[in-house]
file model.tsv (TSV, C-alpha atoms)
chain	number	residue	atom	x	y	z
X	1	MET	CA	14.41	-15.51	-10.05
X	2	GLY	CA	16.50	-12.41	-10.51
X	3	ARG	CA	14.83	-9.22	-11.75
X	4	THR	CA	16.22	-7.42	-14.77
X	5	VAL	CA	16.44	-3.70	-14.32
X	6	ALA	CA	16.31	-1.54	-17.41
X	7	PRO	CA	19.14	0.95	-17.78
X	8	PRO	CA	18.27	4.56	-17.08
X	9	ALA	CA	17.05	6.48	-20.07
X	10	SER	CA	19.59	8.76	-21.63
X	11	THR	CA	18.98	12.44	-21.26
X	12	GLU	CA	20.63	13.04	-24.64
X	13	THR	CA	18.08	11.52	-26.99
X	14	GLY	CA	18.39	14.14	-29.68
X	15	SER	CA	14.68	14.81	-29.46
X	16	ALA	CA	13.57	18.39	-29.93
X	17	PRO	CA	12.38	19.77	-26.59
X	18	PRO	CA	8.73	20.88	-26.33
X	19	GLU	CA	9.66	24.56	-26.42
X	20	ASP	CA	11.56	24.25	-29.72
X	21	ARG	CA	8.83	22.13	-31.29
X	22	ARG	CA	6.09	24.56	-30.29
X	23	LEU	CA	8.04	27.55	-31.59
X	24	GLU	CA	8.40	25.68	-34.87
X	25	VAL	CA	4.61	25.57	-35.18
X	26	ILE	CA	4.29	29.27	-34.37
X	27	TYR	CA	6.85	30.27	-37.00
X	28	SER	CA	5.30	27.90	-39.52
X	29	SER	CA	1.87	29.41	-38.86
X	30	VAL	CA	3.16	32.87	-39.74
X	31	VAL	CA	4.68	31.59	-43.00
X	32	LEU	CA	1.54	29.62	-43.89
X	33	LEU	CA	-0.61	32.68	-43.20
X	34	ILE	CA	1.31	34.58	-45.87
X	35	VAL	CA	1.05	31.63	-48.25
X	36	ALA	CA	-2.70	31.32	-47.56
X	37	PHE	CA	-3.27	35.01	-48.33
X	38	ALA	CA	-1.31	34.74	-51.58
X	39	PHE	CA	-3.06	31.61	-52.82
X	40	TRP	CA	-6.54	32.79	-51.87
X	41	THR	CA	-6.28	36.26	-53.39
X	42	PHE	CA	-3.73	36.33	-56.23
X	43	PRO	CA	-5.04	35.67	-59.77
X	44	ILE	CA	-4.06	32.49	-61.61
X	45	ILE	CA	-2.36	30.78	-58.66
X	46	ARG	CA	-5.58	30.84	-56.62
X	47	VAL	CA	-6.96	28.05	-58.80
X	48	VAL	CA	-4.34	25.72	-57.30
X	49	ILE	CA	-6.18	25.62	-53.97
X	50	ASN	CA	-9.68	25.33	-55.42
X	51	PRO	CA	-10.28	21.99	-53.66
X	52	LEU	CA	-9.30	23.51	-50.32
X	53	LYS	CA	-11.50	26.54	-51.01
X	54	LEU	CA	-14.41	24.21	-51.75
X	55	PHE	CA	-13.74	22.45	-48.45
X	56	VAL	CA	-13.79	25.77	-46.58
X	57	ILE	CA	-16.85	27.15	-48.36
X	58	GLY	CA	-18.65	23.82	-48.26
X	59	TRP	CA	-18.25	23.54	-44.49
X	60	HIS	CA	-19.43	27.12	-44.06
X	61	GLU	CA	-22.58	26.41	-46.06
X	62	PHE	CA	-23.13	23.11	-44.28
X	63	CYS	CA	-23.22	24.99	-40.97
X	64	HIS	CA	-25.94	27.27	-42.38
X	65	ILE	CA	-27.87	24.21	-43.56
X	66	ALA	CA	-27.55	22.40	-40.24
X	67	ALA	CA	-28.71	25.47	-38.31
X	68	ALA	CA	-31.67	25.89	-40.66
X	69	ILE	CA	-32.79	22.29	-40.24
X	70	LEU	CA	-32.31	22.35	-36.47
X	71	THR	CA	-34.42	25.51	-36.14
X	72	GLY	CA	-37.22	24.19	-38.34
X	73	GLY	CA	-36.20	25.62	-41.70
X	74	THR	CA	-36.31	24.04	-45.14
X	75	ILE	CA	-33.47	24.04	-47.67
X	76	LEU	CA	-34.57	25.09	-51.16
X	77	SER	CA	-31.23	25.20	-52.97
X	78	ILE	CA	-27.49	25.30	-52.40
X	79	SER	CA	-24.57	26.35	-54.58
X	80	ILE	CA	-20.83	26.18	-53.92
X	81	ASP	CA	-18.19	27.67	-56.18
X	82	PRO	CA	-14.51	28.40	-55.43
X	83	ASN	CA	-14.78	31.81	-57.11
X	84	LEU	CA	-18.39	32.84	-56.54
X	85	GLY	CA	-18.56	31.57	-52.97
X	86	GLY	CA	-21.49	29.67	-51.52
X	87	ALA	CA	-25.18	30.41	-51.20
X	88	CYS	CA	-28.11	28.68	-49.57
X	89	GLU	CA	-31.72	29.44	-50.29
X	90	MET	CA	-34.03	28.42	-47.47
X	91	GLU	CA	-37.29	29.27	-45.81
X	92	GLY	CA	-38.33	29.17	-42.19
X	93	GLY	CA	-36.05	28.63	-39.23
X	94	VAL	CA	-34.46	31.25	-36.99
X	95	ALA	CA	-32.68	33.61	-39.37
X	96	SER	CA	-30.20	35.07	-36.88
X	97	ILE	CA	-29.05	31.61	-35.74
X	98	ILE	CA	-28.81	30.33	-39.31
X	99	LEU	CA	-26.71	33.30	-40.39
X	100	SER	CA	-24.39	33.17	-37.37
X	101	ALA	CA	-23.79	29.44	-37.74
X	102	GLY	CA	-21.73	29.94	-40.91
X	103	TYR	CA	-18.91	32.05	-39.52
X	104	LEU	CA	-19.00	30.37	-36.11
X	105	GLY	CA	-18.73	26.97	-37.74
X	106	SER	CA	-15.75	28.16	-39.78
X	107	LEU	CA	-14.01	29.41	-36.65
X	108	GLY	CA	-14.71	26.17	-34.80
X	109	LEU	CA	-13.57	23.68	-37.43
X	110	GLY	CA	-10.70	25.92	-38.49
X	111	GLY	CA	-9.46	26.04	-34.92
X	112	ALA	CA	-9.73	22.27	-34.56
X	113	LEU	CA	-7.72	21.76	-37.75
X	114	MET	CA	-5.11	24.21	-36.50
X	115	LEU	CA	-4.65	22.03	-33.42
X	116	GLY	CA	-3.73	19.20	-35.77
X	117	GLY	CA	-0.63	21.21	-36.60
X	118	TRP	CA	0.60	20.70	-33.06
X	119	ASP	CA	0.34	16.92	-32.78
X	120	ILE	CA	0.67	13.97	-35.18
X	121	LEU	CA	-2.05	11.89	-33.51
X	122	VAL	CA	-4.56	14.73	-33.75
X	123	ALA	CA	-3.56	15.31	-37.38
X	124	LYS	CA	-4.08	11.63	-38.19
X	125	ILE	CA	-7.60	11.68	-36.78
X	126	LEU	CA	-8.48	14.95	-38.53
X	127	SER	CA	-7.17	13.64	-41.85
X	128	PHE	CA	-10.31	11.48	-42.14
X	129	VAL	CA	-12.45	14.61	-41.76
X	130	ILE	CA	-10.38	16.35	-44.43
X	131	GLY	CA	-10.57	13.43	-46.83
X	132	PHE	CA	-14.34	13.26	-46.54
X	133	GLY	CA	-14.72	17.03	-46.69
X	134	LEU	CA	-12.69	17.32	-49.89
X	135	LEU	CA	-14.93	14.81	-51.69
X	136	MET	CA	-18.34	16.06	-50.59
X	137	PRO	CA	-18.48	19.31	-52.65
X	138	LEU	CA	-17.59	17.45	-55.85
X	139	SER	CA	-21.25	16.55	-56.34
X	140	LEU	CA	-21.84	20.25	-57.07
X	141	VAL	CA	-18.71	20.81	-59.20
X	142	ARG	CA	-18.47	20.45	-62.98
X	143	ASP	CA	-15.05	22.04	-63.51
X	144	LYS	CA	-12.63	19.31	-64.64
X	145	ILE	CA	-9.53	21.11	-63.37
X	146	THR	CA	-11.00	21.35	-59.87
X	147	ILE	CA	-11.96	17.67	-59.95
X	148	VAL	CA	-8.43	16.66	-60.98
X	149	LEU	CA	-6.90	18.91	-58.32
X	150	THR	CA	-9.16	17.37	-55.70
X	151	ILE	CA	-7.92	13.91	-56.61
X	152	ILE	CA	-4.36	15.20	-56.29
X	153	TYR	CA	-5.08	16.65	-52.83
X	154	GLU	CA	-6.59	13.34	-51.76
X	155	ILE	CA	-3.49	11.49	-52.98
X	156	LEU	CA	-1.28	13.95	-51.11
X	157	LEU	CA	-3.33	13.46	-47.95
X	158	ILE	CA	-2.83	9.69	-48.16
X	159	GLY	CA	0.83	10.07	-49.05
X	160	PHE	CA	1.46	12.35	-46.07
X	161	TRP	CA	0.56	9.45	-43.77
X	162	PHE	CA	3.79	7.78	-44.89
X	163	ILE	CA	6.09	10.80	-44.73
X	164	ASP	CA	8.01	10.88	-41.46
X	165	HIS	CA	5.45	8.58	-39.78
X	166	GLY	CA	2.57	10.96	-40.47
X	167	ASN	CA	4.33	14.12	-39.35
X	168	ALA	CA	3.64	15.76	-42.72
X	169	LEU	CA	-0.09	15.60	-41.92
X	170	ARG	CA	0.47	18.28	-39.29
X	171	TRP	CA	1.28	20.91	-41.92
X	172	TYR	CA	-1.63	19.84	-44.12
X	173	CYS	CA	-3.99	20.30	-41.15
X	174	LEU	CA	-2.41	23.58	-40.09
X	175	PHE	CA	-2.64	25.14	-43.55
X	176	LEU	CA	-6.25	24.05	-44.07
X	177	GLY	CA	-7.07	25.16	-40.53
X	178	LEU	CA	-5.75	28.65	-41.22
X	179	LEU	CA	-7.74	28.85	-44.45
X	180	THR	CA	-10.91	27.78	-42.63
X	181	VAL	CA	-10.62	29.91	-39.52
X	182	LEU	CA	-9.96	32.98	-41.67
X	183	TYR	CA	-13.04	32.48	-43.85
X	184	PRO	CA	-14.77	35.63	-42.56
X	185	PHE	CA	-11.81	37.59	-43.94
X	186	TRP	CA	-11.84	35.73	-47.28
X	187	ASP	CA	-15.58	36.33	-47.53
X	188	LEU	CA	-15.07	40.07	-47.16
X	189	ILE	CA	-12.06	40.21	-49.48
X	190	ASP	CA	-13.81	38.27	-52.24
X	191	GLU	CA	-16.87	40.50	-52.02
X	192	ARG	CA	-14.95	43.76	-51.88
X	193	PHE	CA	-12.12	43.15	-54.34
X	194	LYS	CA	-13.10	40.09	-56.38
X	195	LYS	CA	-16.71	41.22	-56.87
X	196	LYS	CA	-18.02	37.72	-56.27
X	197	GLN	CA	-21.63	37.06	-57.18
X	198	ASN	CA	-22.82	35.78	-53.81
X	199	SER	CA	-22.81	38.41	-51.05
X	200	SER	CA	-20.87	37.95	-47.84
X	201	ASP	CA	-22.46	37.15	-44.51
X	202	ILE	CA	-21.45	40.64	-43.38
X	203	THR	CA	-23.73	42.06	-46.04
X	204	GLN	CA	-26.50	39.74	-44.89
X	205	TYR	CA	-26.06	40.96	-41.30
X	206	SER	CA	-26.39	44.58	-42.40
X	207	LEU	CA	-29.59	43.71	-44.26
X	208	MET	CA	-31.01	41.67	-41.38
X	209	PHE	CA	-30.16	44.32	-38.78
X	210	PRO	CA	-30.34	47.65	-40.68
X	211	SER	CA	-30.02	49.68	-37.46
X	212	ILE	CA	-26.45	48.42	-37.01
X	213	PRO	CA	-24.01	49.90	-39.57
X	214	ARG	CA	-22.10	47.50	-41.79
X	215	PRO	CA	-18.67	48.67	-40.47
X	216	VAL	CA	-19.72	47.54	-36.99
X	217	TRP	CA	-20.33	44.00	-38.26
X	218	THR	CA	-17.05	44.09	-40.15
X	219	VAL	CA	-15.11	45.10	-37.04
X	220	PHE	CA	-16.98	42.61	-34.86
X	221	TRP	CA	-16.27	39.57	-37.03
X	222	SER	CA	-12.71	40.72	-37.75
X	223	LEU	CA	-11.99	40.89	-34.03
X	224	LEU	CA	-13.70	37.55	-33.35
X	225	THR	CA	-11.76	35.88	-36.17
X	226	THR	CA	-8.48	37.29	-34.91
X	227	ALA	CA	-9.33	36.17	-31.38
X	228	ALA	CA	-10.07	32.65	-32.64
X	229	LEU	CA	-6.80	32.53	-34.57
X	230	LEU	CA	-4.75	33.63	-31.58
X	231	GLY	CA	-6.82	31.65	-29.09
X	232	PHE	CA	-6.43	28.29	-30.84
X	233	SER	CA	-2.73	28.99	-31.35
X	234	ALA	CA	-2.37	29.65	-27.63
X	235	LEU	CA	-4.38	26.51	-26.82
X	236	GLY	CA	-2.08	24.42	-28.98
X	237	TYR	CA	1.00	25.96	-27.37
X	238	VAL	CA	-0.24	25.20	-23.87
X	239	LYS	CA	-1.82	21.77	-24.34
X	240	PHE	CA	0.58	20.01	-26.71
X	241	ASP	CA	3.75	19.98	-24.65
X	242	LEU	CA	5.24	16.63	-25.65
X	243	ASN	CA	8.76	16.51	-27.00
X	244	SER	CA	9.32	15.02	-30.45
X	245	ASP	CA	10.02	11.46	-29.25
X	246	GLU	CA	6.91	11.45	-27.07
X	247	MET	CA	4.76	12.83	-29.90
X	248	TYR	CA	5.98	10.14	-32.34
X	249	ALA	CA	5.47	7.41	-29.74
X	250	GLN	CA	1.93	8.58	-29.07
X	251	ALA	CA	1.11	8.75	-32.78
X	252	HIS	CA	2.47	5.23	-33.27
X	253	THR	CA	-0.40	3.86	-31.16
X	254	PHE	CA	-2.89	4.81	-33.93
X	255	LEU	CA	-2.47	3.27	-37.40
X	256	PRO	CA	1.35	3.37	-37.37
X	257	THR	CA	3.16	4.01	-40.63
call {"tool": "encode", "arguments": {"input": "model.tsv", "output": "structure tokens"}}
result
Amino acid sequence: MGRTVAPPASTETGSAPPEDRRLEVIYSSVVLLIVAFAFWTFPIIRVVINPLKLFVIGWHEFCHIAAAILTGGTILSISIDPNLGGACEMEGGVASIILSAGYLGSLGLGGALMLGGWDILVAKILSFVIGFGLLMPLSLVRDKITIVLTIIYEILLIGFWFIDHGNALRWYCLFLGLLTVLYPFWDLIDERFKKKQNSSDITQYSLMFPSIPRPVWTVFWSLLTTAALLGFSALGYVKFDLNSDEMYAQAHTFLPT
């Protein structure tokens, strides 16, 4: 029986080369950073991202809670508010580990979400985390506008699965990743300029370790946050080197749309 030989693949597929696609993510990250700053800090419009803020703050507080439980502590109360921030009241456990878990958890999950901006398949997988994370804080929310906005964000998340075969999910993940990884900055900004009721973790560090001046903690976490932002961006640039056709083909293997 004769063997059929497939014709050689064309070198002119029209697919964006890896370099162009990766630069697109870098440029988009810069734009989304500006958008994130505007929506988190400017009056009136900041309410639009309340569901995303609850996701970010809720994860931060969850990391405190998990660290407290793992080190033998007990949770007494928890509050999460898009304007007041989050607060956990607990007793026992290892205080330094519990306090550090909040910012470190924000950097870790934020970085992971940022990586979703580089690849459709990764974004698809992370979308389940986002969907669950958007709903969880609602048990502590009574504001009707925030509840309605959360439903809208959930609908958008589902809808993005069907836009350009899930490619739109990349930008959803990237934006939320930037918001999350930058939470140490938002925490400081809200405390300093928005006069939020719940103090920042930086303030808690200065109270826990009075011998170390507050500016030292501010510089330390600012540098670590910046390093995480740049580090995860570099990781995405290096690791996700597929061209557009290859990325779409890979994503098609998981719940194709």
call {"tool": "atom_distance", "arguments": {"input": "model.tsv", "atom1": "CA of Lys144 in chain X", "atom2": "CA of Ile49 in chain X"}}
result
14.0 Å
call {"tool": "closest_residue", "arguments": {"input": "model.tsv", "among": "X:Leu138, X:Leu113, X:Val94, X:Leu107", "to": "Thr150 in chain X", "atoms": "only C-alpha atoms"}}
result
X:Leu138
call {"tool": "closest_residue", "arguments": {"input": "model.tsv", "among": "X:Ser106, X:Asn198, X:Asn243, X:Ser96", "to": "Ile80 in chain X", "atoms": "all atoms listed in the file"}}
result
X:Asn198
call {"tool": "residues_around", "arguments": {"input": "model.tsv", "residues": "Leu54 in chain X", "least_positions_apart": "5", "cutoff": "9 Å", "atoms": "only C-alpha atoms", "output": "list in words"}}
result
Ile49, Trp59, Ile80, Asp81, Pro82, Gly85, Gly86, Gly133, Leu134, Pro137 and Leu138 of chain X
call {"tool": "residues_around", "arguments": {"input": "model.tsv", "residues": "range 160-166 of chain X", "least_positions_apart": "2", "cutoff": "8 Å", "atoms": "all atoms listed in the file", "output": "MDAnalysis selection string"}}
result
chainID X and resid 120 124 156:158 168:170 248 252 256:257
call {"tool": "closest_residue", "arguments": {"input": "model.tsv", "among": "X:Val47, X:Leu99, X:Trp171, X:Ile78", "to": "Ser200 in chain X", "atoms": "all atoms listed in the file"}}
result
X:Leu99
call {"tool": "decode", "arguments": {"input": "model.tsv", "residues": "range 172-186 of chain X", "atoms": "all heavy atoms", "output": "short mmCIF file (atom, residue, chain, number, x, y, z; two decimals), in the first residue's frame"}}
result
data_model
loop_
_atom_site.label_atom_id
_atom_site.label_comp_id
_atom_site.auth_asym_id
_atom_site.auth_seq_id
_atom_site.Cartn_x
_atom_site.Cartn_y
_atom_site.Cartn_z
N TYR X 172 -8.11 39.28 31.15
CA TYR X 172 -8.81 39.23 32.43
C TYR X 172 -7.84 38.79 33.51
O TYR X 172 -7.73 39.41 34.58
CB TYR X 172 -9.98 38.24 32.32
CG TYR X 172 -11.08 38.39 33.35
CD1 TYR X 172 -12.40 38.60 32.96
CD2 TYR X 172 -10.82 38.27 34.71
CE1 TYR X 172 -13.42 38.71 33.90
CE2 TYR X 172 -11.84 38.38 35.65
CZ TYR X 172 -13.13 38.60 35.24
OH TYR X 172 -14.13 38.70 36.17
N CYS X 173 -7.10 37.70 33.23
CA CYS X 173 -6.12 37.17 34.19
C CYS X 173 -5.00 38.17 34.45
O CYS X 173 -4.59 38.37 35.60
CB CYS X 173 -5.52 35.86 33.68
SG CYS X 173 -6.60 34.43 33.82
N LEU X 174 -4.51 38.79 33.39
CA LEU X 174 -3.40 39.72 33.53
C LEU X 174 -3.79 40.92 34.39
O LEU X 174 -3.04 41.32 35.29
CB LEU X 174 -2.93 40.18 32.15
CG LEU X 174 -1.73 41.14 32.12
CD1 LEU X 174 -0.51 40.49 32.78
CD2 LEU X 174 -1.40 41.53 30.68
N PHE X 175 -4.96 41.48 34.13
CA PHE X 175 -5.41 42.64 34.90
C PHE X 175 -5.60 42.29 36.37
O PHE X 175 -5.12 43.00 37.27
CB PHE X 175 -6.71 43.19 34.32
CG PHE X 175 -7.21 44.43 35.00
CD1 PHE X 175 -6.45 45.60 34.99
CD2 PHE X 175 -8.42 44.45 35.66
CE1 PHE X 175 -6.89 46.75 35.62
CE2 PHE X 175 -8.88 45.60 36.30
CZ PHE X 175 -8.11 46.75 36.27
N LEU X 176 -6.27 41.17 36.64
CA LEU X 176 -6.49 40.76 38.03
C LEU X 176 -5.17 40.38 38.69
O LEU X 176 -4.97 40.62 39.88
CB LEU X 176 -7.48 39.60 38.08
CG LEU X 176 -7.91 39.13 39.47
CD1 LEU X 176 -8.44 40.29 40.31
CD2 LEU X 176 -8.96 38.03 39.36
N GLY X 177 -4.26 39.81 37.91
CA GLY X 177 -2.94 39.47 38.45
C GLY X 177 -2.17 40.70 38.88
O GLY X 177 -1.54 40.71 39.94
N LEU X 178 -2.23 41.75 38.08
CA LEU X 178 -1.55 42.99 38.43
C LEU X 178 -2.17 43.61 39.68
O LEU X 178 -1.46 44.09 40.57
CB LEU X 178 -1.63 43.98 37.26
CG LEU X 178 -0.81 43.61 36.02
CD1 LEU X 178 -1.15 44.52 34.86
CD2 LEU X 178 0.68 43.67 36.32
N LEU X 179 -3.50 43.59 39.77
CA LEU X 179 -4.16 44.12 40.97
C LEU X 179 -3.71 43.35 42.21
O LEU X 179 -3.47 43.94 43.26
CB LEU X 179 -5.67 44.01 40.82
CG LEU X 179 -6.39 45.01 39.91
CD1 LEU X 179 -7.88 44.66 39.84
CD2 LEU X 179 -6.20 46.43 40.39
N THR X 180 -3.60 42.04 42.08
CA THR X 180 -3.28 41.19 43.24
C THR X 180 -1.82 41.31 43.66
O THR X 180 -1.52 41.44 44.85
CB THR X 180 -3.62 39.72 42.93
OG1 THR X 180 -4.98 39.61 42.48
CG2 THR X 180 -3.43 38.84 44.16
N VAL X 181 -0.93 41.27 42.69
CA VAL X 181 0.49 41.31 43.03
C VAL X 181 0.88 42.66 43.61
O VAL X 181 1.86 42.77 44.38
CB VAL X 181 1.35 40.97 41.79
CG1 VAL X 181 1.53 42.18 40.89
CG2 VAL X 181 2.72 40.41 42.20
N LEU X 182 0.13 43.70 43.28
CA LEU X 182 0.43 45.04 43.78
C LEU X 182 -0.31 45.37 45.08
O LEU X 182 -0.30 46.52 45.52
CB LEU X 182 0.06 46.09 42.72
CG LEU X 182 0.94 46.10 41.46
CD1 LEU X 182 0.37 47.07 40.43
CD2 LEU X 182 2.38 46.47 41.79
N TYR X 183 -0.93 44.37 45.71
CA TYR X 183 -1.71 44.67 46.91
C TYR X 183 -0.90 45.36 48.01
O TYR X 183 -1.45 46.24 48.70
CB TYR X 183 -2.38 43.42 47.47
CG TYR X 183 -3.24 43.75 48.66
CD1 TYR X 183 -4.42 44.47 48.48
CD2 TYR X 183 -2.86 43.42 49.96
CE1 TYR X 183 -5.21 44.84 49.57
CE2 TYR X 183 -3.64 43.78 51.04
CZ TYR X 183 -4.81 44.49 50.84
OH TYR X 183 -5.57 44.87 51.92
N PRO X 184 0.36 45.03 48.24
CA PRO X 184 1.10 45.80 49.25
C PRO X 184 1.10 47.30 48.98
O PRO X 184 1.02 48.11 49.91
CB PRO X 184 2.52 45.22 49.16
CG PRO X 184 2.30 43.80 48.73
CD PRO X 184 1.16 43.88 47.75
N PHE X 185 1.16 47.69 47.70
CA PHE X 185 1.09 49.11 47.36
C PHE X 185 -0.31 49.67 47.65
O PHE X 185 -0.45 50.75 48.23
CB PHE X 185 1.42 49.33 45.88
CG PHE X 185 2.88 49.24 45.56
CD1 PHE X 185 3.32 48.63 44.40
CD2 PHE X 185 3.83 49.78 46.41
CE1 PHE X 185 4.67 48.55 44.09
CE2 PHE X 185 5.19 49.70 46.12
CZ PHE X 185 5.61 49.08 44.96
N TRP X 186 -1.35 48.94 47.22
CA TRP X 186 -2.72 49.41 47.46
C TRP X 186 -2.98 49.54 48.96
O TRP X 186 -3.66 50.50 49.39
CB TRP X 186 -3.75 48.44 46.87
CG TRP X 186 -3.56 48.03 45.45
CD1 TRP X 186 -3.69 46.77 44.93
CD2 TRP X 186 -3.22 48.86 44.31
NE1 TRP X 186 -3.46 46.76 43.58
CE2 TRP X 186 -3.17 48.04 43.17
CE3 TRP X 186 -2.97 50.22 44.16
CZ2 TRP X 186 -2.88 48.52 41.90
CZ3 TRP X 186 -2.65 50.71 42.90
CH2 TRP X 186 -2.61 49.88 41.80
#
